[in-house]
$ cat query_13.cif   # mmCIF, C-alpha atoms
data_entry
#
loop_
_atom_site.label_atom_id
_atom_site.label_comp_id
_atom_site.auth_asym_id
_atom_site.auth_seq_id
_atom_site.Cartn_x
_atom_site.Cartn_y
_atom_site.Cartn_z
CA MET A 1 1.62 -46.74 -35.91
CA ALA A 2 -1.22 -44.38 -34.98
CA GLN A 3 -3.97 -45.89 -32.90
CA PRO A 4 -7.54 -45.57 -34.31
CA VAL A 5 -9.77 -43.16 -32.46
CA ALA A 6 -12.61 -44.81 -30.60
CA PRO A 7 -16.07 -43.89 -31.91
CA SER A 8 -16.97 -42.27 -28.58
CA GLN A 9 -13.90 -40.01 -28.83
CA LYS A 10 -14.58 -38.76 -32.38
CA ILE A 11 -15.66 -35.14 -32.65
CA SER A 12 -18.11 -34.29 -35.39
CA LYS A 13 -17.49 -31.39 -37.72
CA ARG A 14 -20.58 -29.62 -36.41
CA GLU A 15 -19.44 -29.99 -32.80
CA LEU A 16 -15.96 -28.75 -33.69
CA THR A 17 -17.45 -25.75 -35.49
CA SER A 18 -19.65 -24.95 -32.50
CA ARG A 19 -16.58 -24.85 -30.27
CA ILE A 20 -14.74 -22.27 -32.37
CA PRO A 21 -16.51 -19.23 -30.79
CA HIS A 22 -15.71 -20.56 -27.30
CA TYR A 23 -12.04 -21.05 -28.17
CA ALA A 24 -11.95 -17.60 -29.75
CA VAL A 25 -13.32 -15.99 -26.59
CA LEU A 26 -10.83 -17.91 -24.44
CA ILE A 27 -7.90 -16.91 -26.67
CA ILE A 28 -8.92 -13.24 -26.70
CA THR A 29 -9.45 -13.24 -22.92
CA GLY A 30 -6.07 -14.89 -22.39
CA LEU A 31 -4.36 -12.33 -24.60
CA LEU A 32 -6.01 -9.48 -22.70
CA PHE A 33 -4.62 -10.84 -19.43
CA LEU A 34 -1.18 -11.57 -20.88
CA ALA A 35 -0.75 -8.27 -22.73
CA PRO A 36 0.13 -6.12 -19.67
CA VAL A 37 2.58 -8.74 -18.41
CA ALA A 38 4.20 -9.05 -21.84
CA TYR A 39 4.51 -5.27 -22.09
CA MET A 40 6.04 -5.04 -18.62
CA ILE A 41 8.65 -7.68 -19.48
CA ALA A 42 9.45 -6.06 -22.83
CA ALA A 43 9.62 -2.58 -21.29
CA SER A 44 11.99 -3.83 -18.59
CA LEU A 45 14.39 -4.98 -21.32
CA ALA A 46 13.97 -2.02 -23.67
CA PRO A 47 16.10 1.17 -23.55
CA ALA A 48 14.98 3.72 -20.97
CA ASN A 49 13.80 6.16 -23.67
CA ASP A 50 11.50 3.55 -25.21
CA THR A 51 9.80 2.36 -22.02
CA LEU A 52 6.62 4.33 -22.71
CA ALA A 53 6.93 4.27 -26.50
CA GLY A 54 4.25 1.68 -27.20
CA PHE A 55 5.17 -1.18 -29.52
CA ALA A 56 8.75 0.07 -29.77
CA VAL A 57 9.50 -1.88 -26.57
CA PHE A 58 9.09 -5.14 -28.53
CA ASP A 59 12.14 -4.42 -30.69
CA VAL A 60 14.26 -7.33 -29.46
CA THR A 61 17.38 -5.94 -31.11
CA GLN A 62 17.43 -3.16 -28.48
CA TRP A 63 16.83 -5.39 -25.45
CA GLY A 64 19.30 -5.56 -22.57
CA LEU A 65 19.58 -5.90 -18.79
CA HIS A 66 20.51 -2.27 -18.08
CA ASN A 67 17.24 -1.58 -16.24
CA TYR A 68 17.83 -4.52 -13.92
CA SER A 69 21.37 -3.42 -13.18
CA GLY A 70 20.00 0.08 -12.56
CA VAL A 71 17.59 -1.25 -9.94
CA ALA A 72 20.38 -3.17 -8.22
CA SER A 73 22.69 -0.15 -8.17
CA SER A 74 19.92 2.22 -7.01
CA LEU A 75 19.08 -0.04 -4.07
CA SER A 76 22.51 -0.82 -2.69
CA SER A 77 23.03 1.52 0.27
CA ASP A 78 21.78 1.92 3.81
CA SER A 79 19.92 5.10 2.92
CA THR A 80 17.93 3.53 0.07
CA GLY A 81 17.84 0.01 1.43
CA HIS A 82 19.28 -3.10 -0.20
CA LEU A 83 17.40 -5.01 -2.89
CA TRP A 84 18.36 -8.37 -1.42
CA ARG A 85 16.98 -7.29 1.96
CA PHE A 86 13.58 -6.42 0.46
CA PHE A 87 13.46 -9.87 -1.10
CA ALA A 88 14.53 -11.45 2.19
CA VAL A 89 11.78 -9.64 4.12
CA SER A 90 9.06 -10.58 1.63
CA PHE A 91 10.31 -14.17 1.42
CA THR A 92 10.55 -14.58 5.21
CA VAL A 93 7.12 -13.08 5.88
CA THR A 94 5.39 -14.96 3.07
CA VAL A 95 6.94 -18.35 3.83
CA ALA A 96 6.14 -17.96 7.54
CA VAL A 97 2.51 -16.99 6.87
CA VAL A 98 2.03 -19.78 4.33
CA GLY A 99 3.75 -22.48 6.40
CA LEU A 100 2.18 -21.65 9.75
CA GLY A 101 -1.15 -20.91 8.10
CA LEU A 102 -1.29 -24.34 6.46
CA VAL A 103 -0.82 -26.02 9.83
CA VAL A 104 -3.12 -23.80 11.91
CA ASN A 105 -5.93 -23.44 9.39
CA SER A 106 -5.99 -27.10 8.37
CA MET A 107 -6.14 -28.15 12.03
CA ALA A 108 -9.01 -25.73 12.64
CA ALA A 109 -10.84 -27.05 9.59
CA PHE A 110 -10.29 -30.63 10.74
CA ALA A 111 -11.85 -29.83 14.10
CA LEU A 112 -14.83 -28.21 12.39
CA SER A 113 -15.42 -30.92 9.80
CA ARG A 114 -14.41 -34.19 11.51
CA LEU A 115 -14.89 -33.71 15.26
CA SER A 116 -18.03 -33.25 17.35
CA TRP A 117 -17.87 -30.60 20.07
CA ARG A 118 -20.16 -28.02 21.61
CA GLY A 119 -20.19 -24.71 19.76
CA ARG A 120 -18.90 -26.08 16.46
CA GLY A 121 -21.82 -24.64 14.52
CA VAL A 122 -21.32 -21.20 16.06
CA ALA A 123 -17.60 -21.26 15.26
CA LEU A 124 -18.29 -22.25 11.66
CA LEU A 125 -20.87 -19.47 11.32
CA ALA A 126 -18.37 -16.95 12.69
CA ILE A 127 -15.79 -18.04 10.12
CA LEU A 128 -18.33 -17.73 7.31
CA LEU A 129 -19.23 -14.23 8.49
CA LEU A 130 -15.54 -13.26 8.52
CA LEU A 131 -15.35 -14.13 4.83
CA ILE A 132 -17.48 -11.10 3.96
CA VAL A 133 -15.50 -8.65 6.10
CA PRO A 134 -12.84 -6.90 3.95
CA PHE A 135 -9.43 -6.31 5.47
CA GLU A 136 -9.81 -2.57 4.90
CA ALA A 137 -12.67 -2.56 7.41
CA VAL A 138 -10.43 -3.78 10.24
CA ALA A 139 -7.09 -2.30 9.16
CA VAL A 140 -7.41 0.89 11.21
CA PRO A 141 -8.54 -0.86 14.45
CA MET A 142 -5.68 -3.32 14.00
CA PHE A 143 -3.29 -0.41 13.49
CA TYR A 144 -4.18 1.04 16.90
CA LEU A 145 -4.18 -2.41 18.51
CA TYR A 146 -0.66 -3.26 17.30
CA ASN A 147 0.77 0.27 17.19
CA ASP A 148 3.45 -0.54 19.79
CA ALA A 149 4.79 -3.37 17.61
CA ARG A 150 5.40 -1.33 14.47
CA ASN A 151 8.57 -1.93 12.41
CA THR A 152 8.96 -5.58 13.31
CA LEU A 153 8.88 -8.74 11.25
CA TRP A 154 6.42 -10.57 13.44
CA ILE A 155 3.79 -7.84 13.06
CA GLN A 156 3.75 -8.69 9.35
CA ILE A 157 3.31 -12.40 10.12
CA VAL A 158 1.22 -13.15 13.21
CA PRO A 159 -2.03 -11.30 12.31
CA PHE A 160 -2.31 -13.24 9.04
CA ILE A 161 -1.62 -16.82 10.12
CA GLY A 162 -5.27 -17.51 10.89
CA ASN A 163 -7.35 -16.99 7.76
CA ALA A 164 -11.09 -17.53 7.40
CA LEU A 165 -10.90 -18.30 3.68
CA SER A 166 -8.18 -20.90 4.20
CA ILE A 167 -10.18 -22.57 6.96
CA PHE A 168 -13.27 -22.64 4.76
CA LEU A 169 -11.37 -24.16 1.82
CA PHE A 170 -9.89 -26.87 4.03
CA TYR A 171 -13.29 -27.43 5.65
CA SER A 172 -14.94 -27.91 2.24
CA PHE A 173 -12.29 -30.42 1.15
CA PHE A 174 -12.21 -32.35 4.43
CA SER A 175 -16.01 -32.61 4.44
CA GLY A 176 -15.85 -34.50 1.14
CA ILE A 177 -13.67 -37.25 2.61
CA PRO A 178 -15.85 -40.19 3.75
CA GLN A 179 -16.34 -40.43 7.50
CA SER A 180 -15.93 -44.20 7.23
CA ILE A 181 -12.18 -43.63 6.94
CA ASP A 182 -12.15 -42.04 10.39
CA GLU A 183 -14.28 -44.83 11.83
CA ALA A 184 -11.94 -47.50 10.46
CA ALA A 185 -8.94 -45.67 11.90
CA ARG A 186 -10.59 -45.40 15.32
CA MET A 187 -11.24 -49.15 15.30
CA ASP A 188 -7.48 -49.58 14.83
CA GLY A 189 -6.85 -47.40 17.88
CA ALA A 190 -6.02 -44.12 16.13
CA GLY A 191 -6.90 -40.87 17.87
CA PRO A 192 -7.78 -37.50 16.29
CA TRP A 193 -4.15 -36.40 16.01
CA ARG A 194 -3.09 -39.57 14.24
CA ILE A 195 -6.11 -39.50 11.94
CA PHE A 196 -5.31 -35.94 10.95
CA TRP A 197 -1.55 -36.30 10.40
CA ARG A 198 -1.47 -39.84 9.01
CA ILE A 199 -4.71 -40.00 6.99
CA ILE A 200 -6.52 -36.72 6.31
CA ALA A 201 -3.49 -34.49 5.64
CA PRO A 202 -1.80 -36.89 3.15
CA MET A 203 -5.12 -37.26 1.29
CA SER A 204 -5.54 -33.49 1.02
CA LYS A 205 -2.52 -32.44 -1.04
CA PRO A 206 -4.71 -30.60 -3.61
CA ALA A 207 -6.30 -28.57 -0.81
CA TYR A 208 -2.93 -27.72 0.72
CA ALA A 209 -1.56 -26.69 -2.67
CA SER A 210 -4.57 -24.50 -3.43
CA VAL A 211 -4.44 -22.77 -0.06
CA ALA A 212 -0.66 -22.36 -0.30
CA ILE A 213 -0.88 -20.67 -3.70
CA LEU A 214 -3.76 -18.38 -2.70
CA THR A 215 -2.05 -17.43 0.57
CA PHE A 216 1.26 -16.84 -1.21
CA LEU A 217 -0.39 -14.57 -3.78
CA THR A 218 -2.18 -12.56 -1.10
CA GLN A 219 0.77 -12.22 1.23
CA TRP A 220 3.44 -11.64 -1.40
CA GLY A 221 1.41 -8.73 -2.75
CA SER A 222 0.44 -7.32 0.65
CA PHE A 223 0.61 -3.53 0.58
CA LEU A 224 -1.91 -1.81 2.88
CA TRP A 225 -0.71 -3.37 6.13
CA PRO A 226 3.01 -2.65 5.52
CA VAL A 227 2.09 0.94 4.59
CA LEU A 228 0.45 1.32 8.00
CA MET A 229 2.99 -0.55 10.10
CA ILE A 230 6.41 -0.31 8.43
CA SER A 231 8.50 2.83 8.12
CA ASP A 232 11.94 1.27 8.55
CA PRO A 233 13.53 0.80 5.07
CA ASN A 234 15.23 -2.38 6.26
CA LEU A 235 11.85 -4.01 6.98
CA ARG A 236 9.96 -3.01 3.86
CA PRO A 237 8.51 -5.84 1.75
CA LEU A 238 8.78 -5.64 -2.01
CA PRO A 239 5.29 -4.19 -2.78
CA LEU A 240 5.90 -1.28 -0.41
CA GLN A 241 9.40 -0.66 -1.72
CA ILE A 242 8.32 -0.63 -5.37
CA SER A 243 5.80 2.11 -4.57
CA VAL A 244 8.56 4.13 -2.90
CA PHE A 245 10.89 3.43 -5.82
CA ALA A 246 8.28 4.49 -8.40
CA GLY A 247 7.64 7.72 -6.50
CA GLN A 248 11.19 8.99 -6.89
CA LEU A 249 11.69 11.97 -9.18
CA PRO A 250 12.32 11.82 -12.03
CA PRO A 251 10.68 8.39 -12.37
CA ALA A 252 12.82 5.81 -14.12
CA TRP A 253 10.03 3.79 -15.71
CA GLY A 254 12.32 1.21 -17.23
CA GLN A 255 13.71 0.38 -13.81
CA VAL A 256 10.20 0.38 -12.35
CA MET A 257 9.18 -2.18 -14.96
CA ALA A 258 12.25 -4.26 -14.13
CA PHE A 259 11.37 -4.09 -10.44
CA GLY A 260 7.85 -5.22 -11.32
CA VAL A 261 9.19 -8.24 -13.17
CA LEU A 262 11.34 -9.17 -10.18
CA LEU A 263 8.21 -8.94 -8.02
CA VAL A 264 6.18 -11.20 -10.32
CA VAL A 265 8.75 -13.93 -11.01
CA PRO A 266 8.46 -15.68 -7.59
CA VAL A 267 4.67 -15.86 -8.00
CA ILE A 268 5.05 -17.55 -11.38
CA VAL A 269 7.60 -20.00 -10.00
CA VAL A 270 5.36 -20.95 -7.06
CA PHE A 271 2.38 -21.51 -9.35
CA LEU A 272 4.41 -23.66 -11.75
CA VAL A 273 5.65 -25.81 -8.86
CA PHE A 274 2.20 -26.36 -7.34
CA GLN A 275 -0.01 -26.11 -10.44
CA ARG A 276 -0.77 -29.83 -10.70
CA TRP A 277 -2.17 -30.03 -7.18
CA PHE A 278 -3.85 -26.64 -7.55
CA ILE A 279 -5.72 -27.81 -10.67
CA GLU A 280 -6.67 -31.05 -8.92
CA GLY A 281 -8.03 -29.05 -5.98
CA VAL A 282 -10.09 -26.78 -8.22
CA ALA A 283 -11.38 -29.74 -10.24
CA SER A 284 -12.35 -31.72 -7.13
CA SER A 285 -14.14 -28.67 -5.69
CA ALA A 286 -16.05 -28.29 -8.95
CA VAL A 287 -17.08 -31.96 -8.92
CA LYS A 288 -18.25 -31.73 -5.31
CA GLY A 289 -20.13 -28.52 -6.08
#

$ encode --input "query_13.cif" --output "structure tokens"
Amino acid sequence: MAQPVAPSQKISKRELTSRIPHYAVLIITGLLFLAPVAYMIAASLAPANDTLAGFAVFDVTQWGLHNYSGVASSLSSDSTGHLWRFFAVSFTVTVAVVGLGLVVNSMAAFALSRLSWRGRGVALLAILLLLIVPFEAVAVPMFYLYNDARNTLWIQIVPFIGNALSIFLFYSFFSGIPQSIDEAARMDGAGPWRIFWRIIAPMSKPAYASVAILTFLTQWGSFLWPVLMISDPNLRPLPLQISVFAGQLPPAWGQVMAFGVLLVVPVIVVFLVFQRWFIEGVASSAVKG
């Protein structure tokens, strides 16, 4: 039996009508963002001759996996590199940056937000200033600094573990946790390490999820730094390899679309896994703001 709607939960006809333009704008905006992704997926399944044929790619009766098999067969030798190796490089680099970054950046944010020490204000100001410095501004100096370490895995990992944006996001979340929790823990004999690992970190799952997703998106799609530092085909991440693959003549656009889908799928999976905590983190930040 349906439960009656409480008076406070009823929506008047006028209010519902006033929301229609907002919903219409949201639907149109969502479709604009989804359209390129939908076209890429459809084009990756369509015959090679129809890849750039507009709406013809949405003819489901012609769909198949030939473009995906073409990518796998094109990238299956030592001269071209192996598809599985490109995935392995991107996965290794991204997981390392995300995992180590969560630990390092959250610890730095804890020190800035929960501990008192000389120079804390200066360190926080430096981190805030780093937020406005684009990576392109420091890419060339970093290239000369790390030139002797080119074509290695660690050169794709170490420079990106510490991240000013991640520290700031953790700092903002940690600052919203009442200090009385720390004081009660200290009265029970807990030190800073125990407070962080046993209390603050478990309470900050939305912040960790948000930072993990944002770091994953940034690192998985990293392109400029690998272009500068990686020339060995066996160490190319996926974004660099897809640019090389698309530059081959004649371009096989169906296979390029299939490669693009393979590049996007892990991002979608990661977001679906962490979306609940990510939404909680965004919502809590909005409430605090």

$ atom_distance --input "query_13.cif" --atom1 "CA of Phe173 (chain A)" --atom2 "CA of Trp117 (chain A)"
19.7 Å

$ resolve_selection --input "query_13.cif" --expression "the PyMOL selection byres ((chain A and resi 260-267) around 12)" --output "ChimeraX atom specification"
/A:36-45,67-69,71-72,83-84,86-87,90-91,94-95,212-222,237-243,245-246,253-259,268-275

$ residues_around --input "query_13.cif" --residues "region 159-170 of chain A" --least-positions-apart "2" --cutoff "6 Å" --atoms "all atoms listed in the file" --output "ChimeraX atom specification"
/A:97,101,105-106,109,127,157,172-174,211

$ closest_residue --input "query_13.cif" --among "A:Arg150, A:Arg114, A:Arg85, A:Arg236" --to "Trp193 (chain A)" --atoms "all atoms listed in the file"
A:Arg114

$ axis_aligned_box --input "query_13.cif" --around "region 229-235 of chain A" --padding-each-side "8 Å" --output "JSON"
{"center_x": 9.1, "center_y": -0.6, "center_z": 7.6, "size_x": 28.2, "size_y": 22.8, "size_z": 21.0}

$ atom_distance --input "query_13.cif" --atom1 "CA of Tyr146 (chain A)" --atom2 "CA of Met229 (chain A)"
8.5 Å

$ closest_residue --input "query_13.cif" --among "A:Thr80, A:Gln179, A:Gln62, A:Thr17" --to "Ile195 (chain A)" --atoms "all atoms listed in the file"
A:Gln179

$ closest_residue --input "query_13.cif" --among "A:Arg198, A:Ala53, A:His82, A:His66" --to "Ile181 (chain A)" --atoms "all atoms listed in the file"
A:Arg198

$ closest_residue --input "query_13.cif" --among "A:Pro251, A:Gly191, A:Gly99, A:Gly176" --to "Asn49 (chain A)" --atoms "only C-alpha atoms"
A:Pro251

$ closest_residue --input "query_13.cif" --among "A:Leu26, A:Leu124, A:Met187, A:Leu129" --to "Phe110 (chain A)" --atoms "only C-alpha atoms"
A:Leu124

$ closest_residue --input "query_13.cif" --among "A:Pro202, A:Thr92, A:Ser180, A:Tyr208" --to "Trp154 (chain A)" --atoms "only C-alpha atoms"
A:Thr92

$ decode --input "query_13.cif" --residues "region 103-179 of chain A" --atoms "C-alpha atoms" --output "PDB file, in the first residue's frame"
ATOM      1  CA  VAL A 103      49.473   8.707   1.896  1.00  0.00           C
ATOM      2  CA  VAL A 104      51.960  11.554   1.386  1.00  0.00           C
ATOM      3  CA  ASN A 105      49.461  14.321   0.670  1.00  0.00           C
ATOM      4  CA  SER A 106      47.050  13.368   3.451  1.00  0.00           C
ATOM      5  CA  MET A 107      49.917  13.290   5.957  1.00  0.00           C
ATOM      6  CA  ALA A 108      51.079  16.712   4.790  1.00  0.00           C
ATOM      7  CA  ALA A 109      47.545  18.065   5.082  1.00  0.00           C
ATOM      8  CA  PHE A 110      47.209  16.586   8.568  1.00  0.00           C
ATOM      9  CA  ALA A 111      50.376  18.361   9.667  1.00  0.00           C
ATOM     10  CA  LEU A 112      49.098  21.640   8.236  1.00  0.00           C
ATOM     11  CA  SER A 113      45.586  21.434   9.639  1.00  0.00           C
ATOM     12  CA  ARG A 114      45.931  19.610  12.985  1.00  0.00           C
ATOM     13  CA  LEU A 115      49.461  20.257  14.273  1.00  0.00           C
ATOM     14  CA  SER A 116      51.133  23.437  15.507  1.00  0.00           C
ATOM     15  CA  TRP A 117      54.687  24.053  14.305  1.00  0.00           C
ATOM     16  CA  ARG A 118      56.828  26.973  13.250  1.00  0.00           C
ATOM     17  CA  GLY A 119      56.495  27.869   9.579  1.00  0.00           C
ATOM     18  CA  ARG A 120      53.119  26.208   9.076  1.00  0.00           C
ATOM     19  CA  GLY A 121      51.564  29.371   7.679  1.00  0.00           C
ATOM     20  CA  VAL A 122      54.414  29.851   5.210  1.00  0.00           C
ATOM     21  CA  ALA A 123      54.149  26.238   4.044  1.00  0.00           C
ATOM     22  CA  LEU A 124      50.405  26.577   3.540  1.00  0.00           C
ATOM     23  CA  LEU A 125      50.886  29.804   1.587  1.00  0.00           C
ATOM     24  CA  ALA A 126      53.474  28.101  -0.634  1.00  0.00           C
ATOM     25  CA  ILE A 127      51.033  25.284  -1.385  1.00  0.00           C
ATOM     26  CA  LEU A 128      48.287  27.765  -2.244  1.00  0.00           C
ATOM     27  CA  LEU A 129      50.658  29.591  -4.587  1.00  0.00           C
ATOM     28  CA  LEU A 130      51.556  26.310  -6.296  1.00  0.00           C
ATOM     29  CA  LEU A 131      47.884  25.824  -7.150  1.00  0.00           C
ATOM     30  CA  ILE A 132      48.045  28.682  -9.659  1.00  0.00           C
ATOM     31  CA  VAL A 133      51.231  27.474 -11.369  1.00  0.00           C
ATOM     32  CA  PRO A 134      50.342  25.353 -14.435  1.00  0.00           C
ATOM     33  CA  PHE A 135      52.392  22.255 -15.116  1.00  0.00           C
ATOM     34  CA  GLU A 136      53.339  23.621 -18.542  1.00  0.00           C
ATOM     35  CA  ALA A 137      55.249  26.418 -16.796  1.00  0.00           C
ATOM     36  CA  VAL A 138      57.605  23.980 -15.071  1.00  0.00           C
ATOM     37  CA  ALA A 139      57.664  21.145 -17.614  1.00  0.00           C
ATOM     38  CA  VAL A 140      60.762  22.352 -19.459  1.00  0.00           C
ATOM     39  CA  PRO A 141      62.847  23.023 -16.284  1.00  0.00           C
ATOM     40  CA  MET A 142      61.811  19.590 -15.002  1.00  0.00           C
ATOM     41  CA  PHE A 143      62.836  18.071 -18.334  1.00  0.00           C
ATOM     42  CA  TYR A 144      66.394  19.377 -17.938  1.00  0.00           C
ATOM     43  CA  LEU A 145      66.455  18.470 -14.245  1.00  0.00           C
ATOM     44  CA  TYR A 146      65.474  14.837 -14.850  1.00  0.00           C
ATOM     45  CA  ASN A 147      66.988  14.407 -18.316  1.00  0.00           C
ATOM     46  CA  ASP A 148      69.353  11.656 -17.147  1.00  0.00           C
ATOM     47  CA  ALA A 149      66.415   9.562 -15.921  1.00  0.00           C
ATOM     48  CA  ARG A 150      64.474   9.473 -19.186  1.00  0.00           C
ATOM     49  CA  ASN A 151      62.782   6.231 -20.287  1.00  0.00           C
ATOM     50  CA  THR A 152      62.165   4.880 -16.805  1.00  0.00           C
ATOM     51  CA  LEU A 153      59.006   4.063 -14.905  1.00  0.00           C
ATOM     52  CA  TRP A 154      59.939   5.978 -11.791  1.00  0.00           C
ATOM     53  CA  ILE A 155      60.354   9.240 -13.707  1.00  0.00           C
ATOM     54  CA  GLN A 156      56.643   8.989 -14.529  1.00  0.00           C
ATOM     55  CA  ILE A 157      55.791   8.418 -10.861  1.00  0.00           C
ATOM     56  CA  VAL A 158      58.015  10.279  -8.398  1.00  0.00           C
ATOM     57  CA  PRO A 159      57.527  13.894  -9.618  1.00  0.00           C
ATOM     58  CA  PHE A 160      53.745  13.585  -9.246  1.00  0.00           C
ATOM     59  CA  ILE A 161      53.361  11.967  -5.831  1.00  0.00           C
ATOM     60  CA  GLY A 162      53.305  15.305  -4.023  1.00  0.00           C
ATOM     61  CA  ASN A 163      50.419  17.402  -5.314  1.00  0.00           C
ATOM     62  CA  ALA A 164      49.389  20.850  -4.107  1.00  0.00           C
ATOM     63  CA  LEU A 165      45.733  20.399  -5.058  1.00  0.00           C
ATOM     64  CA  SER A 166      45.502  17.087  -3.213  1.00  0.00           C
ATOM     65  CA  ILE A 167      47.067  18.608  -0.107  1.00  0.00           C
ATOM     66  CA  PHE A 168      44.649  21.527  -0.245  1.00  0.00           C
ATOM     67  CA  LEU A 169      41.617  19.233  -0.617  1.00  0.00           C
ATOM     68  CA  PHE A 170      42.715  17.113   2.337  1.00  0.00           C
ATOM     69  CA  TYR A 171      43.508  20.260   4.327  1.00  0.00           C
ATOM     70  CA  SER A 172      40.016  21.664   3.687  1.00  0.00           C
ATOM     71  CA  PHE A 173      38.354  18.412   4.782  1.00  0.00           C
ATOM     72  CA  PHE A 174      40.551  17.869   7.845  1.00  0.00           C
ATOM     73  CA  SER A 175      39.969  21.459   8.981  1.00  0.00           C
ATOM     74  CA  GLY A 176      36.240  20.741   9.193  1.00  0.00           C
ATOM     75  CA  ILE A 177      36.739  17.919  11.703  1.00  0.00           C
ATOM     76  CA  PRO A 178      36.289  19.244  15.276  1.00  0.00           C
ATOM     77  CA  GLN A 179      39.526  19.706  17.190  1.00  0.00           C
TER      78      GLN A 179
END
